[in-house]
$ cat final.cif   # mmCIF, C-alpha atoms
data_data
loop_
_atom_site.label_atom_id
_atom_site.label_comp_id
_atom_site.auth_asym_id
_atom_site.auth_seq_id
_atom_site.Cartn_x
_atom_site.Cartn_y
_atom_site.Cartn_z
CA MET E 1 -13.37 -4.96 10.28
CA TYR E 2 -10.80 -7.62 9.29
CA GLY E 3 -9.34 -8.64 12.66
CA PRO E 4 -9.42 -7.90 16.37
CA ARG E 5 -9.56 -4.19 17.20
CA GLY E 6 -6.07 -2.75 17.32
CA TRP E 7 -4.42 -5.12 14.84
CA THR E 8 -3.13 -2.12 12.85
CA ASP E 9 -1.14 -0.79 15.85
CA ARG E 10 1.86 -2.90 14.88
CA VAL E 11 1.66 -1.70 11.27
CA VAL E 12 1.46 1.96 12.37
CA GLN E 13 4.50 1.52 14.62
CA ALA E 14 6.51 -0.08 11.80
CA VAL E 15 5.58 2.61 9.27
CA ALA E 16 6.44 5.33 11.80
CA ARG E 17 9.77 3.68 12.64
CA LEU E 18 10.63 3.62 8.93
CA GLY E 19 9.81 7.34 8.64
CA ASN E 20 7.17 6.81 5.96
CA ILE E 21 4.24 8.65 7.55
CA LYS E 22 3.15 11.58 5.36
CA HIS E 23 0.40 12.89 7.62
CA ARG E 24 -2.17 11.94 10.23
CA VAL E 25 -5.82 12.85 10.30
CA GLY E 26 -6.76 12.73 13.96
CA ARG E 27 -6.25 9.40 15.72
CA ASP E 28 -7.89 7.31 13.08
CA SER E 29 -6.23 7.82 9.68
CA ILE E 30 -2.56 7.77 8.72
CA ARG E 31 -1.29 8.42 5.20
CA PHE E 32 2.06 6.85 4.25
CA GLY E 33 4.32 6.80 1.23
CA GLN E 34 7.49 5.16 -0.08
CA LEU E 35 7.00 1.92 1.85
CA GLY E 36 9.66 -0.35 0.37
CA ALA E 37 8.81 -3.76 -1.04
CA LEU E 38 10.82 -5.69 1.55
CA ASP E 39 9.26 -3.77 4.45
CA PHE E 40 5.79 -4.30 2.99
CA LEU E 41 6.46 -8.04 2.63
CA ALA E 42 7.68 -8.21 6.24
CA MET E 43 4.37 -6.68 7.41
CA ALA E 44 2.31 -9.20 5.46
CA GLU E 45 2.28 -11.71 8.30
CA TRP E 46 0.53 -9.15 10.51
CA LEU E 47 -2.37 -8.64 8.10
CA PRO E 48 -5.62 -10.50 8.73
CA ALA E 49 -6.70 -12.69 5.82
CA GLY E 50 -9.66 -10.45 5.00
CA ASN E 51 -7.42 -7.40 4.61
CA LEU E 52 -5.58 -9.16 1.77
CA GLU E 53 -8.65 -8.64 -0.42
CA GLU E 54 -8.90 -4.91 0.44
CA ARG E 55 -8.68 -2.61 -2.57
CA GLN E 56 -8.93 1.12 -3.19
CA HIS E 57 -11.67 1.83 -5.74
CA GLN E 58 -10.91 -0.36 -8.80
CA GLY E 59 -7.28 -0.87 -7.87
CA PRO E 60 -5.47 -4.11 -7.14
CA THR E 61 -5.94 -5.99 -3.87
CA ILE E 62 -3.37 -5.99 -1.08
CA ARG E 63 -2.62 -9.60 -2.08
CA THR E 64 -1.81 -8.47 -5.64
CA PHE E 65 0.42 -5.67 -4.37
CA LEU E 66 2.26 -8.19 -2.16
CA GLU E 67 2.82 -10.40 -5.21
CA LEU E 68 4.22 -7.38 -7.06
CA ALA E 69 6.54 -6.67 -4.10
CA GLN E 70 7.89 -10.23 -4.38
CA LYS E 71 8.51 -9.77 -8.10
CA GLU E 72 10.03 -6.26 -7.91
CA PRO E 73 12.13 -5.49 -4.80
CA ASP E 74 12.65 -1.89 -6.01
CA ALA E 75 8.91 -1.17 -5.85
CA SER E 76 7.51 1.09 -3.16
CA PHE E 77 3.95 1.60 -2.03
CA GLU E 78 1.71 4.38 -0.75
CA GLY E 79 -1.62 4.25 0.99
CA TYR E 80 -3.24 4.70 4.35
CA ILE E 81 -4.01 2.95 7.60
CA ILE E 82 -7.36 3.27 9.34
CA THR E 83 -6.65 2.54 13.00
CA GLY E 84 -8.71 0.74 15.61
CA ALA E 85 -10.27 4.07 16.57
CA ARG E 86 -12.77 3.32 13.78
CA ASP E 87 -14.87 0.26 13.00
CA ASP E 88 -13.42 -0.07 9.47
CA GLU E 89 -9.81 -0.67 10.60
CA ARG E 90 -7.60 -1.62 7.67
CA LEU E 91 -4.44 -1.17 5.63
CA SER E 92 -5.09 0.10 2.12
CA ILE E 93 -2.62 0.57 -0.73
CA ASP E 94 -3.63 3.07 -3.40
CA GLY E 95 -0.38 3.65 -5.25
CA VAL E 96 2.82 1.97 -6.38
CA HIS E 97 6.17 3.23 -7.64
CA VAL E 98 8.14 0.90 -9.93
CA PRO E 99 11.23 1.26 -12.14
CA SER E 100 10.31 2.79 -15.49
CA SER E 101 11.29 -0.45 -17.23
CA PHE E 102 9.01 -2.63 -15.08
CA ASP E 103 6.71 -4.94 -17.07
CA PHE E 104 3.30 -5.44 -15.43
CA ALA E 105 2.54 -8.55 -17.53
CA GLY E 106 1.49 -11.40 -15.27
CA THR E 107 1.10 -9.24 -12.15
CA GLY E 108 -2.67 -8.88 -12.22
CA ILE E 109 -2.22 -5.10 -12.40
CA ASP E 110 -3.47 -3.27 -15.46
CA PRO E 111 -1.82 0.16 -15.70
CA ALA E 112 -4.74 1.29 -17.89
CA THR E 113 -6.98 1.24 -14.77
CA ALA E 114 -4.72 3.69 -12.93
CA ASP E 115 -3.65 7.28 -13.12
CA GLU E 116 0.06 7.47 -13.89
CA ASP E 117 3.04 9.79 -13.45
CA ASP E 118 6.57 9.47 -14.75
CA GLN E 119 9.04 10.49 -12.11
CA VAL E 120 12.07 11.14 -14.26
CA GLY E 121 14.32 12.13 -11.35
CA ASP E 122 14.50 8.62 -9.94
CA PHE E 123 13.51 6.76 -13.11
CA LYS E 124 10.28 5.42 -11.67
CA ARG E 125 6.66 5.21 -12.72
CA ARG E 126 3.92 6.02 -10.23
CA LEU E 127 0.50 4.45 -10.63
CA TRP E 128 -2.36 5.29 -8.30
CA TRP E 129 -6.05 4.51 -7.92
CA ASP E 130 -8.22 7.33 -6.57
#

$ encode --input "final.cif" --output "structure tokens"
Amino acid sequence: MYGPRGWTDRVVQAVARLGNIKHRVGRDSIRFGQLGALDFLAMAEWLPAGNLEERQHQGPTIRTFLELAQKEPDASFEGYIITGARDDERLSIDGVHVPSSFDFAGTGIDPATADEDDQVGDFKRRLWWD
């Protein structure tokens, strides 16, 4: 869809190595969570340009999430990878965890467009777009 078939293989391997895979659906869909900002930024160079504009429903684009990762190194991300087993191969982010004090002003992310949880145990906010 965004690059040559199989481009997500490297992303899948990195997410698996980090222990962030939540579950797999067959060979073609992998759900992940708690992908740290620095790890996400390191993967950015592997993403085809078209994938940077990918968004889940009305959520932010991958590009916007990468900009947030640069601004907030304590952020973590959740989403899924559609592998090269399907024609719509991609990386998609559909949720973000940030410190409860994080200010979204200037990030291009409007918390009012997301569902939100407070995670008091680790003092983070979780926003997701479903």

$ residues_around --input "final.cif" --residues "region 51-53 of chain E" --least-positions-apart "2" --cutoff "10 Å" --atoms "only C-alpha atoms" --output "VMD selection string"
chain E and resid 1 to 3 44 47 to 49 55 60 to 66 89 to 92

$ axis_aligned_box --input "final.cif" --around "region 123-129 of chain E" --padding-each-side "8 Å" --output "AutoDock Vina command-line options"
--center_x 3.7 --center_y 5.6 --center_z -10.5 --size_x 35.6 --size_y 18.3 --size_z 21.2

$ resolve_selection --input "final.cif" --expression "the PyMOL selection byres ((chain E and resi 41) around 12)" --output "PyMOL selection string"
chain E and resi 11+35-40+42-47+62-73+75-77

$ residues_around --input "final.cif" --residues "Ser29 (chain E)" --least-positions-apart "3" --cutoff "9 Å" --atoms "all atoms listed in the file" --output "ChimeraX atom specification"
/E:23-26,80-83,85-86

$ atom_distance --input "final.cif" --atom1 "CA of Asp103 (chain E)" --atom2 "CA of Glu54 (chain E)"
23.5 Å

$ atom_distance --input "final.cif" --atom1 "CA of Gly59 (chain E)" --atom2 "CA of Phe104 (chain E)"
13.8 Å

$ closest_residue --input "final.cif" --among "E:Gly50, E:Gly79, E:Gly108, E:Gly33" --to "Asp94 (chain E)" --atoms "all atoms listed in the file"
E:Gly79

$ closest_residue --input "final.cif" --among "E:Asp88, E:Ser101, E:Glu78, E:His57" --to "Asp130 (chain E)" --atoms "all atoms listed in the file"
E:His57

$ closest_residue --input "final.cif" --among "E:Pro4, E:Gly19, E:Pro99, E:Pro111" --to "Trp129 (chain E)" --atoms "only C-alpha atoms"
E:Pro111

$ closest_residue --input "final.cif" --among "E:Asp28, E:Asp118, E:Asp87, E:Asp110" --to "Asp9 (chain E)" --atoms "only C-alpha atoms"
E:Asp28

$ atom_distance --input "final.cif" --atom1 "CA of Arg17 (chain E)" --atom2 "CA of Gly95 (chain E)"
20.6 Å
